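K.L.:
Sharing input36.cif (mmCIF, C-alpha atoms (C1' of nucleotides)) below.
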data_work
loop_
_atom_site.label_atom_id
_atom_site.label_comp_id
_atom_site.auth_asym_id
_atom_site.auth_seq_id
_atom_site.Cartn_x
_atom_site.Cartn_y
_atom_site.Cartn_z
CA MET A 1 -3.16 -29.44 -26.50
CA PRO A 2 -1.46 -26.03 -26.72
CA LEU A 3 -2.80 -23.13 -24.69
CA GLN A 4 -4.86 -20.38 -26.22
CA LEU A 5 -3.20 -16.98 -26.16
CA SER A 6 -5.83 -15.51 -23.86
CA GLU A 7 -5.48 -18.40 -21.44
CA ALA A 8 -1.68 -18.12 -21.53
CA LYS A 9 -1.93 -14.41 -20.76
CA ASN A 10 -4.14 -15.06 -17.74
CA GLN A 11 -1.74 -17.67 -16.46
CA PHE A 12 1.16 -15.31 -16.89
CA ILE A 13 -0.55 -12.48 -15.06
CA SER A 14 -1.79 -14.50 -12.13
CA ASN A 15 1.42 -16.45 -11.64
CA TRP A 16 3.55 -13.36 -11.95
CA GLY A 17 1.55 -11.79 -9.14
CA ALA A 18 1.92 -14.87 -6.94
CA PHE A 19 5.64 -14.95 -7.65
CA ALA A 20 6.06 -11.29 -6.75
CA THR A 21 4.62 -11.77 -3.26
CA HIS A 22 7.63 -14.00 -2.45
CA TRP A 23 9.84 -11.02 -3.15
CA GLY A 24 8.11 -8.40 -1.07
CA ILE A 25 6.17 -6.96 -3.99
CA ASN A 26 2.44 -6.33 -3.88
CA LYS A 27 0.55 -8.96 -5.88
CA THR A 28 -1.71 -6.51 -7.66
CA MET A 29 1.14 -4.18 -8.55
CA ALA A 30 2.93 -7.11 -10.22
CA GLN A 31 -0.24 -8.13 -12.05
CA VAL A 32 -0.87 -4.63 -13.37
CA HIS A 33 2.74 -4.57 -14.51
CA ALA A 34 2.41 -7.97 -16.20
CA LEU A 35 -0.78 -6.85 -17.92
CA LEU A 36 0.90 -3.73 -19.29
CA LEU A 37 3.99 -5.71 -20.32
CA ILE A 38 2.09 -8.04 -22.62
CA ASN A 39 -0.08 -5.36 -24.20
CA THR A 40 1.33 -3.48 -27.14
CA LYS A 41 -1.17 -0.68 -26.71
CA PRO A 42 -1.39 1.50 -23.60
CA LEU A 43 -4.36 0.72 -21.34
CA CYS A 44 -6.59 3.06 -19.36
CA ALA A 45 -7.87 2.65 -15.79
CA GLU A 46 -11.11 0.99 -17.00
CA ASP A 47 -9.19 -1.57 -19.06
CA ILE A 48 -7.15 -2.57 -16.04
CA MET A 49 -10.15 -2.63 -13.70
CA GLU A 50 -11.98 -4.91 -16.08
CA GLN A 51 -9.17 -7.27 -16.95
CA LEU A 52 -7.97 -7.78 -13.37
CA GLN A 53 -11.39 -7.35 -11.76
CA ILE A 54 -10.20 -4.79 -9.25
CA SER A 55 -11.49 -1.43 -8.06
CA ARG A 56 -10.64 1.98 -9.47
CA GLY A 57 -8.84 2.99 -6.27
CA ASN A 58 -6.69 -0.11 -6.40
CA VAL A 59 -5.76 0.54 -10.04
CA ASN A 60 -4.90 4.13 -9.24
CA MET A 61 -2.66 3.25 -6.31
CA ASN A 62 -0.77 0.46 -8.03
CA VAL A 63 -0.28 2.35 -11.29
CA ARG A 64 1.05 5.30 -9.31
CA GLU A 65 3.47 2.98 -7.53
CA LEU A 66 4.64 1.54 -10.85
CA ILE A 67 5.20 5.03 -12.23
CA ASP A 68 7.14 5.80 -9.06
CA TRP A 69 9.35 2.79 -9.78
CA ASN A 70 9.90 4.06 -13.32
CA LEU A 71 8.43 0.93 -14.81
CA VAL A 72 5.31 2.51 -16.27
CA GLU A 73 4.58 5.84 -17.91
CA ARG A 74 1.49 7.94 -18.39
CA ILE A 75 0.44 8.31 -22.01
CA THR A 76 -1.90 10.93 -23.40
CA ILE A 77 -3.67 10.09 -26.63
CA VAL A 78 -4.57 13.13 -28.74
CA GLY A 79 -8.27 13.93 -28.72
CA GLU A 80 -8.82 11.73 -25.67
CA ARG A 81 -9.37 12.98 -22.18
CA LYS A 82 -8.48 9.80 -20.34
CA GLU A 83 -4.99 8.84 -19.21
CA TYR A 84 -3.38 5.73 -20.61
CA PHE A 85 -0.54 3.67 -19.19
CA SER A 86 2.28 1.82 -20.86
CA ALA A 87 5.13 -0.31 -19.47
CA GLU A 88 8.77 -0.39 -20.45
CA LYS A 89 8.98 -3.56 -22.54
CA ASP A 90 12.69 -4.32 -22.49
CA ILE A 91 13.16 -6.90 -19.73
CA TRP A 92 16.81 -5.98 -19.30
CA LYS A 93 15.87 -2.40 -18.50
CA VAL A 94 13.03 -3.54 -16.26
CA VAL A 95 15.28 -5.74 -14.12
CA THR A 96 18.05 -3.16 -13.97
CA GLN A 97 15.56 -0.53 -12.89
CA ILE A 98 14.10 -2.77 -10.17
CA ILE A 99 17.54 -3.57 -8.77
CA LYS A 100 18.49 0.11 -8.79
CA GLU A 101 15.33 1.12 -6.95
CA ARG A 102 15.54 -1.60 -4.35
CA LYS A 103 19.16 -0.75 -3.72
CA LYS A 104 18.24 2.87 -3.16
CA ARG A 105 15.16 2.19 -1.04
CA GLU A 106 16.27 -0.76 1.06
CA LEU A 107 19.96 -1.63 0.80
CA GLU A 108 21.36 1.83 1.18
CA PRO A 109 19.43 2.73 4.36
CA MET A 110 20.37 -0.66 5.79
CA LEU A 111 24.05 -0.05 5.02
CA ARG A 112 23.92 3.35 6.67
CA LEU A 113 22.66 1.70 9.84
CA MET A 114 25.33 -1.01 9.64
CA LYS A 115 28.04 1.63 9.42
CA GLN A 116 26.68 3.27 12.55
CA LEU A 117 26.67 -0.06 14.37
CA GLN A 118 30.28 -0.59 13.32
CA GLU A 119 31.23 2.23 15.67
CA VAL A 120 30.23 0.40 18.84
CA PRO A 121 33.23 0.44 21.23
CA ASN A 122 35.32 -2.71 21.57
CA ASP A 123 34.66 -4.18 25.00
CA LYS A 124 37.04 -7.10 24.37
CA THR A 125 34.34 -9.76 24.85
CA GLU A 126 33.76 -12.78 22.61
CA ASP A 127 30.35 -11.32 21.84
CA TYR A 128 31.85 -8.10 20.62
CA LYS A 129 34.03 -10.00 18.19
CA ALA A 130 31.08 -11.98 16.82
CA PHE A 131 28.94 -8.86 16.50
CA LYS A 132 31.67 -6.84 14.83
CA SER A 133 32.54 -9.51 12.33
CA THR A 134 28.88 -10.01 11.38
CA ILE A 135 28.45 -6.31 10.70
CA ASP A 136 31.80 -6.00 8.93
CA GLY A 137 30.95 -9.04 6.82
CA ILE A 138 27.60 -7.59 5.76
CA ILE A 139 29.19 -4.28 4.78
CA LYS A 140 32.06 -5.87 2.89
CA TYR A 141 29.68 -8.22 1.13
CA SER A 142 27.28 -5.48 0.11
CA GLU A 143 30.04 -3.29 -1.24
CA GLN A 144 31.44 -6.13 -3.28
CA ALA A 145 27.98 -7.09 -4.58
CA ASP A 146 27.41 -3.49 -5.55
CA LYS A 147 30.65 -3.24 -7.50
CA THR A 148 29.86 -6.51 -9.23
CA PHE A 149 26.41 -5.27 -10.17
CA GLU A 150 27.87 -2.11 -11.70
CA LYS A 151 30.39 -4.15 -13.71
CA LEU A 152 27.64 -6.50 -14.76
CA ILE A 153 25.55 -3.72 -16.21
CA LYS A 154 28.41 -2.54 -18.36
CA ALA A 155 29.83 -5.93 -19.32
CA GLU A 156 26.60 -7.62 -20.24
CA GLU A 157 24.71 -4.81 -21.84
CA SER A 158 26.22 -5.53 -25.20
CA TRP A 159 25.79 -9.26 -24.80
CA PHE A 160 22.19 -8.93 -23.75
CA TRP A 161 21.29 -6.49 -26.46
CA ALA A 162 22.78 -8.63 -29.17
CA ASN A 163 20.68 -11.55 -27.98
CA PHE A 164 17.57 -9.60 -27.27
CA ILE A 165 17.47 -8.00 -30.68
CA LYS A 166 18.17 -11.29 -32.41
CA MET A 167 15.42 -12.90 -30.40
CA VAL A 168 12.56 -10.47 -30.83
CA LYS A 169 12.81 -9.87 -34.53
CA MET B 170 28.07 9.19 22.34
CA PRO B 171 28.83 5.71 21.01
CA LEU B 172 26.26 2.94 21.36
CA GLN B 173 26.53 0.24 23.98
CA LEU B 174 27.06 -3.25 22.60
CA SER B 175 23.74 -4.50 23.95
CA GLU B 176 21.91 -1.54 22.41
CA ALA B 177 23.70 -2.05 19.10
CA LYS B 178 22.70 -5.72 19.10
CA ASN B 179 19.05 -4.84 19.65
CA GLN B 180 19.16 -2.34 16.85
CA PHE B 181 20.73 -4.86 14.54
CA ILE B 182 18.16 -7.53 15.34
CA SER B 183 15.11 -5.34 15.01
CA ASN B 184 16.26 -3.56 11.87
CA TRP B 185 17.32 -6.78 10.23
CA GLY B 186 13.83 -8.12 10.80
CA ALA B 187 12.23 -5.00 9.33
CA PHE B 188 14.55 -5.17 6.33
CA ALA B 189 13.73 -8.82 5.69
CA THR B 190 10.01 -8.12 5.33
CA HIS B 191 10.79 -6.07 2.21
CA TRP B 192 12.24 -9.19 0.68
CA GLY B 193 9.46 -11.64 1.36
CA ILE B 194 11.11 -13.05 4.48
CA ASN B 195 9.27 -13.43 7.76
CA LYS B 196 10.34 -10.78 10.27
CA THR B 197 10.74 -13.16 13.17
CA MET B 198 12.70 -15.67 11.13
CA ALA B 199 15.16 -12.92 10.20
CA GLN B 200 15.38 -11.78 13.83
CA VAL B 201 16.08 -15.27 15.10
CA HIS B 202 18.73 -15.57 12.42
CA ALA B 203 20.28 -12.22 13.38
CA LEU B 204 20.29 -13.22 17.04
CA LEU B 205 22.09 -16.48 16.29
CA LEU B 206 24.53 -14.71 13.94
CA ILE B 207 25.84 -12.37 16.60
CA ASN B 208 26.09 -14.96 19.36
CA THR B 209 29.25 -17.04 19.51
CA LYS B 210 27.58 -19.68 21.66
CA PRO B 211 24.58 -21.72 20.51
CA LEU B 212 21.26 -20.69 22.06
CA CYS B 213 18.35 -22.85 23.22
CA ALA B 214 14.61 -22.25 22.70
CA GLU B 215 14.30 -20.44 26.06
CA ASP B 216 17.15 -18.06 25.23
CA ILE B 217 15.47 -17.07 21.98
CA MET B 218 12.02 -16.77 23.58
CA GLU B 219 13.41 -14.48 26.22
CA GLN B 220 15.61 -12.30 24.04
CA LEU B 221 13.02 -11.75 21.32
CA GLN B 222 9.99 -11.93 23.63
CA ILE B 223 8.16 -14.47 21.49
CA SER B 224 6.34 -17.70 22.22
CA ARG B 225 7.78 -21.18 22.21
CA GLY B 226 5.72 -22.18 19.18
CA ASN B 227 7.00 -19.22 17.23
CA VAL B 228 10.60 -20.05 18.09
CA ASN B 229 10.10 -23.64 17.08
CA MET B 230 8.55 -22.79 13.71
CA ASN B 231 11.10 -20.19 12.75
CA VAL B 232 14.11 -22.20 13.88
CA ARG B 233 12.80 -25.16 11.89
CA GLU B 234 12.45 -22.91 8.84
CA LEU B 235 16.02 -21.65 9.26
CA ILE B 236 17.30 -25.22 9.52
CA ASP B 237 15.33 -25.99 6.37
CA TRP B 238 17.14 -23.16 4.63
CA ASN B 239 20.46 -24.58 5.82
CA LEU B 240 21.29 -21.41 7.70
CA VAL B 241 21.08 -22.85 11.19
CA GLU B 242 22.00 -26.20 12.72
CA ARG B 243 20.91 -28.13 15.77
CA ILE B 244 23.62 -28.56 18.37
CA THR B 245 23.64 -31.10 21.17
CA ILE B 246 25.75 -30.26 24.17
CA VAL B 247 27.05 -33.32 26.03
CA GLY B 248 25.36 -33.87 29.36
CA GLU B 249 22.48 -31.56 28.38
CA ARG B 250 19.08 -32.67 27.30
CA LYS B 251 17.99 -29.47 25.55
CA GLU B 252 18.63 -28.69 21.91
CA TYR B 253 20.78 -25.72 21.02
CA PHE B 254 20.93 -23.79 17.78
CA SER B 255 23.80 -22.15 15.98
CA ALA B 256 23.98 -20.14 12.72
CA GLU B 257 26.52 -20.31 9.93
CA LYS B 258 28.67 -17.25 10.62
CA ASP B 259 30.35 -16.71 7.26
CA ILE B 260 28.28 -14.06 5.47
CA TRP B 261 29.49 -15.18 2.08
CA LYS B 262 28.15 -18.68 2.69
CA VAL B 263 24.92 -17.27 4.13
CA VAL B 264 24.19 -15.14 1.06
CA THR B 265 25.17 -17.87 -1.38
CA GLN B 266 22.92 -20.31 0.44
CA ILE B 267 19.97 -17.90 0.41
CA ILE B 268 20.34 -17.25 -3.32
CA LYS B 269 20.60 -20.97 -4.03
CA GLU B 270 17.46 -21.74 -2.03
CA ARG B 271 15.40 -18.95 -3.51
CA LYS B 272 16.45 -19.99 -6.98
CA LYS B 273 15.32 -23.52 -6.30
CA ARG B 274 12.08 -22.60 -4.54
CA GLU B 275 10.88 -19.64 -6.61
CA LEU B 276 12.82 -18.97 -9.80
CA GLU B 277 12.94 -22.52 -11.10
CA PRO B 278 9.19 -23.19 -10.80
CA MET B 279 8.54 -19.81 -12.42
CA LEU B 280 10.86 -20.65 -15.30
CA ARG B 281 9.13 -23.99 -15.83
CA LEU B 282 5.84 -22.12 -16.22
CA MET B 283 7.40 -19.59 -18.60
CA LYS B 284 8.67 -22.39 -20.80
CA GLN B 285 5.18 -23.82 -20.98
CA LEU B 286 3.75 -20.44 -21.93
CA GLN B 287 6.38 -20.17 -24.67
CA GLU B 288 4.55 -22.95 -26.50
CA VAL B 289 1.38 -20.92 -27.13
CA PRO B 290 0.63 -21.05 -30.87
CA ASN B 291 1.46 -18.03 -33.00
CA ASP B 292 -1.79 -16.40 -34.03
CA LYS B 293 0.01 -13.63 -35.95
CA THR B 294 -1.49 -10.82 -33.87
CA GLU B 295 0.39 -7.86 -32.42
CA ASP B 296 -0.55 -9.14 -29.00
CA TYR B 297 1.02 -12.49 -29.67
CA LYS B 298 4.29 -10.80 -30.52
CA ALA B 299 4.30 -8.71 -27.35
CA PHE B 300 3.41 -11.71 -25.22
CA LYS B 301 6.01 -13.95 -26.80
CA SER B 302 8.78 -11.44 -26.51
CA THR B 303 8.00 -10.76 -22.85
CA ILE B 304 8.18 -14.46 -22.04
CA ASP B 305 11.26 -15.00 -24.19
CA GLY B 306 12.93 -12.01 -22.56
CA ILE B 307 12.26 -13.31 -19.06
CA ILE B 308 13.64 -16.74 -19.92
CA LYS B 309 16.73 -15.36 -21.65
CA TYR B 310 17.34 -12.95 -18.82
CA SER B 311 17.00 -15.59 -16.12
CA GLU B 312 19.32 -17.98 -17.87
CA GLN B 313 21.93 -15.29 -18.25
CA ALA B 314 21.58 -14.19 -14.64
CA ASP B 315 21.96 -17.79 -13.55
CA LYS B 316 25.16 -18.28 -15.53
CA THR B 317 26.53 -15.02 -14.16
CA PHE B 318 25.72 -16.10 -10.63
CA GLU B 319 27.59 -19.37 -11.10
CA LYS B 320 30.61 -17.57 -12.51
CA LEU B 321 30.46 -15.07 -9.67
CA ILE B 322 30.62 -17.77 -7.03
CA LYS B 323 33.77 -19.15 -8.56
CA ALA B 324 35.44 -15.88 -9.49
CA GLU B 325 34.86 -14.06 -6.24
CA GLU B 326 35.26 -16.81 -3.75
CA SER B 327 39.00 -16.28 -3.55
CA TRP B 328 38.65 -12.50 -3.48
CA PHE B 329 36.04 -12.60 -0.77
CA TRP B 330 37.89 -15.07 1.38
CA ALA B 331 41.09 -13.11 1.24
CA ASN B 332 39.26 -10.02 2.46
CA PHE B 333 37.06 -11.76 4.95
CA ILE B 334 39.96 -13.47 6.69
CA LYS B 335 42.01 -10.28 6.75
CA MET B 336 39.08 -8.42 8.20
CA VAL B 337 37.95 -10.71 11.00
CA LYS B 338 41.33 -11.47 12.52
"C1'" DT C 339 7.04 -48.08 33.42
"C1'" DT C 340 6.23 -43.70 34.52
"C1'" DA C 341 6.91 -39.04 35.41
"C1'" DA C 342 9.76 -35.28 34.21
"C1'" DA C 343 11.96 -32.60 30.53
"C1'" DG C 344 11.66 -31.15 26.32
"C1'" DT C 345 9.59 -30.58 21.51
"C1'" DT C 346 6.01 -30.16 18.11
"C1'" DT C 347 1.52 -29.10 16.34
"C1'" DC C 348 -2.32 -26.42 15.06
"C1'" DA C 349 -6.88 -24.15 16.01
"C1'" DA C 350 -7.81 -19.76 17.71
"C1'" DT C 351 -6.45 -15.18 17.65
"C1'" DA C 352 -3.91 -11.07 16.68
"C1'" DT C 353 -1.53 -8.24 13.49
"C1'" DA C 354 -0.25 -6.39 9.15
"C1'" DT C 355 -1.34 -5.52 4.54
"C1'" DA C 356 -4.29 -4.80 0.57
"C1'" DT C 357 -8.71 -3.42 -1.36
"C1'" DT C 358 -12.97 -1.17 -1.89
"C1'" DG C 359 -15.95 2.50 -3.02
"C1'" DA C 360 -18.00 6.65 -2.28
"C1'" DA C 361 -16.88 11.49 -1.50
"C1'" DA C 362 -13.74 15.14 -2.59
"C1'" DC C 363 -10.99 16.82 -5.73
"C1'" DT C 364 -9.30 18.49 -10.63
"C1'" DT C 365 -9.56 19.31 -15.23
"C1'" DT C 366 -12.06 20.12 -19.52
"C1'" DT C 367 -15.61 21.69 -22.58
"C1'" DA C 368 -20.07 23.67 -23.72
"C1'" DT D 369 -19.53 29.27 -14.83
"C1'" DA D 370 -21.83 24.86 -14.56
"C1'" DA D 371 -21.83 20.18 -15.20
"C1'" DA D 372 -19.57 16.37 -17.23
"C1'" DA D 373 -15.48 13.47 -17.42
"C1'" DG D 374 -11.98 11.89 -15.15
"C1'" DT D 375 -8.69 11.22 -11.06
"C1'" DT D 376 -7.33 10.86 -6.29
"C1'" DT D 377 -7.88 10.01 -1.46
"C1'" DC D 378 -8.68 7.50 2.62
"C1'" DA D 379 -11.72 5.51 6.32
"C1'" DA D 380 -13.88 1.23 6.50
"C1'" DT D 381 -13.43 -3.41 5.48
"C1'" DA D 382 -11.61 -7.68 3.79
"C1'" DT D 383 -7.85 -10.72 3.23
"C1'" DA D 384 -3.51 -12.75 4.17
"C1'" DT D 385 0.03 -13.74 7.27
"C1'" DA D 386 2.15 -14.42 11.75
"C1'" DT D 387 1.75 -15.64 16.59
"C1'" DT D 388 0.16 -17.68 20.68
"C1'" DG D 389 -0.43 -21.23 23.96
"C1'" DA D 390 -2.21 -25.26 25.57
"C1'" DA D 391 -2.63 -30.11 24.36
"C1'" DA D 392 -0.40 -34.00 22.17
"C1'" DC D 393 3.61 -36.05 21.36
"C1'" DT D 394 8.58 -37.83 22.09
"C1'" DT D 395 12.58 -38.83 24.59
"C1'" DT D 396 15.25 -39.56 28.67
"C1'" DA D 397 16.32 -40.96 33.36
"C1'" DA D 398 14.99 -42.80 37.72
#
Would you write the structure of this file as C-alpha cells?

P.N.:
Amino acid sequence: MPLQLSEAKNQFISNWGAFATHWGINKTMAQVHALLLINTKPLCAEDIMEQLQISRGNVNMNVRELIDWNLVERITIVGERKEYFSAEKDIWKVVTQIIKERKKRELEPMLRLMKQLQEVPNDKTEDYKAFKSTIDGIIKYSEQADKTFEKLIKAEESWFWANFIKMVK
Amino acid sequence: MPLQLSEAKNQFISNWGAFATHWGINKTMAQVHALLLINTKPLCAEDIMEQLQISRGNVNMNVRELIDWNLVERITIVGERKEYFSAEKDIWKVVTQIIKERKKRELEPMLRLMKQLQEVPNDKTEDYKAFKSTIDGIIKYSEQADKTFEKLIKAEESWFWANFIKMVK
DNA sequence: TTAAAGTTTCAATATATATTGAAACTTTTA
DNA sequence: TAAAAGTTTCAATATATATTGAAACTTTAA
C-alpha cells in the first residue's frame, strides 16, 4: 500500500528533524527547513506554527536561524502585511551552503586554536612528540580536506547540474 | 610567552570536547578520545577519571562507546590485572573511521527512508512535484557524495601518507 | 572457595538545551 | 495619532541528554 502524499510529507519532516539532531542541528530548525523545502509556496509564521504544532516564538527563532544560515529567505507578497518564508530548493546549493557555514563557524576557529597549540615548546619528551603529531595531523588533514572540498565544488558542479536538471524535469 | 605542554594539553582536550558537541558527539567521549590521542602510553580507568575529573561510570560508558566506534582498543599489560586503553593515533585513519561509522549509523538508515518516500504516488499537484524533487535530490546527492568519498580514500591515501610520514618524523 | 581487585549497570540526579507564551516592541493604516 | 496587525524578546518552564555512584556482577589469586 503506497503512502499518501500528506503522510509521506509528515514522515519526511519528522525524520529529517530526528536525523539533524545527530549532527548538532536543532530538531525544530531542521523540521522548519524540511517543511519549507517541500512547499512550493512560501509559508507564513501561522502556517509553520500550525503544521509543526509549535509556538510563535519557536517559529520566529528557528526561521531567523535559517535565514542566518542563508537557507531561507523572507518574502513579501504585495498587498499582504505578513512576512512569508521560502527555502532554497536546490539540494546541491543547500549542502554546499551548510558545509561553508559550518567550516566558518566551527572548523576555522578550531584550526586557529590548533595553530596556537602548535607553538608549544619542544621539551624533548615522548609526550611532546605524541601531542605535536596529533596537532600537526589535525591541521594537515583539515587543510587537505578543505582543498578537496574546494576542488569538489568546481569539479562536480557541472556533473551535478546535468543530473539535477535531467531529474527534476 | 609560549604555552607549557601541560597547559596546551588541557586546552586541546577541553576545546576538542566543546567542538565535538557541535557535531552531535558527546563532549566527554571526545575528551576521553583527545586524552588518549595525545598520550603515548595506554591509560587505565583511574588515569582517565583523575585527568578529566569524571566518575568511573562515565569513563566506562564513554570508553565503551569509543571502542564501539573502533577508535580505541583495550590493552592488557602482562602482569597487570587492570585494563588499559589506547587510541588509534593516525588522524587519517581516525577521520576515515568516523565517516564510515556515521555513514552506516545515520546516512544509510536515512537513505532507506528516502527511498521509501520516493514511492509515493504522483497526484499531479505542484506539491507532489516539490516533494518528489526534494527527495530525489537528497538521494542523488548522497549517492554522489558517497562515490566521491570512496574515490577520495583511494586517491588521497598515498598523498596523505607521504605527508604524514614526512611530518611526524 | 572466598575475598580482593576490577568492571559494568542503571536509577537517581544534575546539566544543558529547546520551547513556550505573554509582554514589549515595530510597523501600517484609518 | 490611535489602535490594529504583526514581529521579537526573554524569563520561566519543559524536555532531552549526560553524569554520578553505589550495588551487582565478573575475574583472578591466595

K.L.:
Give me the residues near segment 122-132 of chain A as an mmCIF file with C-alpha atoms, in the coordinates of the input, where near means some atom within 8 Å (using all atoms listed in the file) and where sequence neighbours in that chain fewer than 4 positions away do not count.

P.N.:
data_model
loop_
_atom_site.group_PDB
_atom_site.id
_atom_site.type_symbol
_atom_site.label_atom_id
_atom_site.label_comp_id
_atom_site.auth_asym_id
_atom_site.auth_seq_id
_atom_site.Cartn_x
_atom_site.Cartn_y
_atom_site.Cartn_z
ATOM 1 C CA GLN A 118 30.280 -0.590 13.320
ATOM 2 C CA ASP A 136 31.800 -6.000 8.930
ATOM 3 C CA LEU B 174 27.060 -3.250 22.600
ATOM 4 C CA LYS B 178 22.700 -5.720 19.100
ATOM 5 C CA LEU B 206 24.530 -14.710 13.940
ATOM 6 C CA ILE B 207 25.840 -12.370 16.600
ATOM 7 C CA ASN B 208 26.090 -14.960 19.360
ATOM 8 C CA THR B 209 29.250 -17.040 19.510
#

K.L.:
Quick one: pull the distance between atom CA of Lys82 of chain A and atom CA of Gly57 of chain A, Å, one decimal.

P.N.:
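Distance reported for this atom pair: 15.6 Å.
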
K.L.:
Given the file shown, enumerate the residues that the PyMOL selection byres ((chain A) within 9 of (chain C)) captures and present them as a VMD selection string.

P.N.:
chain A and resid 26 28 54 to 58 81

K.L.:
Tell me which of A:Ile75, A:Met114, A:Ala30, A:Ala87 sits closest to chain B, counting only C-alpha atoms.

P.N.:
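Comparing A:Ile75, A:Met114, A:Ala30, A:Ala87 against chain B, the winner is A:Met114.
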
K.L.:
Fewer than 2 positions away in the same chain doesn't count, so skip those; otherwise give me all residues within 9 Å of segment 64-68 of chain A, counting all atoms listed in the file, as a ChimeraX atom specification.

P.N.:
/A:29-30,32-33,59-62,70-74,87

K.L.:
Compile the residues of chain D that lie within 12 Å of chain B, evaluated using only C-alpha atoms (C1' of nucleotides), and express the compilation as a PyMOL selection string.

P.N.:
chain D and resi 385-390+395-397

K.L.:
Just checking: using all atoms listed in the file, which residue out of B:Asn179, B:Ser302, B:Gln285, B:Thr245 ends up closest to chain A?

P.N.:
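Checking each candidate against chain A, we get B:Ser302 as the closest.
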
K.L.:
From the set A:Ala18, A:Leu35, A:Ala145, A:Leu3, which residue has the shortest atom-to-atom contact distance to chain B, counting all atoms listed in the file?

P.N.:
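Of all the options, A:Leu3 lies closest to chain B.
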
K.L.:
B:Glu288, B:Asp216, B:Glu312, B:Glu319: which is nearest chain A, counting only C-alpha atoms?

P.N.:
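For chain A, the nearest of the candidates is B:Glu288.
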
K.L.:
When you draw a straight line from atom CA of Ile98 of chain A to atom CA of Phe149 of chain A, how long is it in Å?

P.N.:
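Value for the atom CA of Ile98 of chain A-atom CA of Phe149 of chain A distance: 12.6 Å.
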
K.L.:
With distances taken over only C-alpha atoms, which of B:Lys210, B:Arg281, B:His191, B:Lys273 is nearest to chain A?

P.N.:
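The shortest atom-to-atom distance to chain A comes from B:His191.
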
K.L.:
Could you check which of B:Gly186, B:Gly306, B:Pro211, B:Pro278 is closest to chain A, using only C-alpha atoms?

P.N.:
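That would be B:Gly306, the residue with the smallest distance to chain A.
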
K.L.:
In Å, with one decimal, what is the gap from atom CA of Ile135 of chain A to atom CA of Gln266 of chain B?

P.N.:
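According to the coordinates, atom CA of Ile135 of chain A and atom CA of Gln266 of chain B are separated by 18.2 Å.
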